[in-house]
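Enquirer: Take a look at this one; I'll ask things after.
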Amino acid sequence: AAVTIGGDALGDPTGTFTGHMPSLIGNLTLLAVTLGAICANAINIYSGSMSFVTIGIKLPVGLQRAAVALVFGVLGFVAAYFGLEDAGHDYEAFLLIVAYWIAPWLGVVFMDMWLRRGQDIDGLLYDTSHRNLAGPVSMALGIVVSVALFCNQELYVAPVPSSFPGVGDLTPFVGFVLAAAVYGVWKRGLARTSAAPQES
């Protein structure tokens with residue numbers, strides 16, 4: 001309903017969302033949004049700390065969790081604080097930047113799942129010697145090419161949206177497809193090479 005009323009959603013997101021509500025309902029709505037954000041970010045910080053634990057830095061697990069939660073919590077607060085002046089545009093830019101790397105990552109993950117369908121990969125979860133260079137290289141290539149050619153941000157407008165403004169920002173879509181394609185070709189090529197009979 002708030003969306004249909006209209007208003008300056010980027011310039012004044014809070015006023016646009018709650019300005020038409022009775023004061024009590026508007027305040028309760030903002031309280032609910034605040035509590036929801038705290039709960040959601042508690043999970044984000046925890047999952048980030050768990051990811052940090054897996055990279056192999058030798059510290060007690062409890063200290064790793066606490067350090068990561070504290071450090072990234074502070075960094076997030078600082079980033080949010082400096083983005084308050086133009087929160088709507090800054091948040092939109094932040095979401096686009098997140099999509100720029102998540103889309104290629106998902107392309108690699110989904111392609112890997114498709115290539116490994118029917119295989120038992122439980123052993124890879126605990127194999128610290130396992131290396132899969134195709135994953136990060138495909139993801140990085142997807143990010144660099146898609147951003148360089150298709151990004152449509154306030155700070156950088158790539159050649160494609162510059163030439164064709166109606167296209168918009170296709171960066172996540174291009175990154176996803178490119179990373180998945182590169183990863184698929186790379187892994188299938190490795191599979192064929194390893195399956196080929198060895199010359200004696």
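Every chain in the structure tokens takes a letter, A first, then B, and so on in the order presented; its residues are numbered from 1, and the ligands are numbered from 1 following the presented order.
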Output as a PyMOL selection string all residues of stretch 25-160 of chain A that backbone DSSP marks as alpha helix (DSSP H).
Expert: chain A and resi 25-53+61-82+87-115+134-150+159-160
Enquirer: Write out as number ranges by chain the residues lying within 12 Å of stretch 160-177 of chain A, counting only C-alpha atoms and excluding same-chain residues fewer than 2 positions away.
Expert: A: 93, 95-111, 138-154, 156-158, 179-184
Enquirer: Would you mind reading off the distance between atom CA of A:Asn44 and atom CA of A:Gly88, one decimal, in Å?
Expert: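 Between atom CA of A:Asn44 and atom CA of A:Gly88 the gap is 21.3 Å.
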Enquirer: Within 9 Å of A:Phe52, counting only C-alpha atoms, which residues qualify if same-chain residues fewer than 3 places away don't, as a PyMOL selection string?
Expert: chain A and resi 47-49+55-57+64-65+68
Enquirer: Applying 12 Å and only C-alpha atoms, which residues near stretch 24-37 of chain A remain after dropping the ones on its own chain fewer than 6 positions away? List them as a list in words.
Expert: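 Those residues are Ala2, Pro13, Thr14, Gly15, Thr16, Phe17, Thr18, Ile43, Asn44 and Ile45 of chain A.
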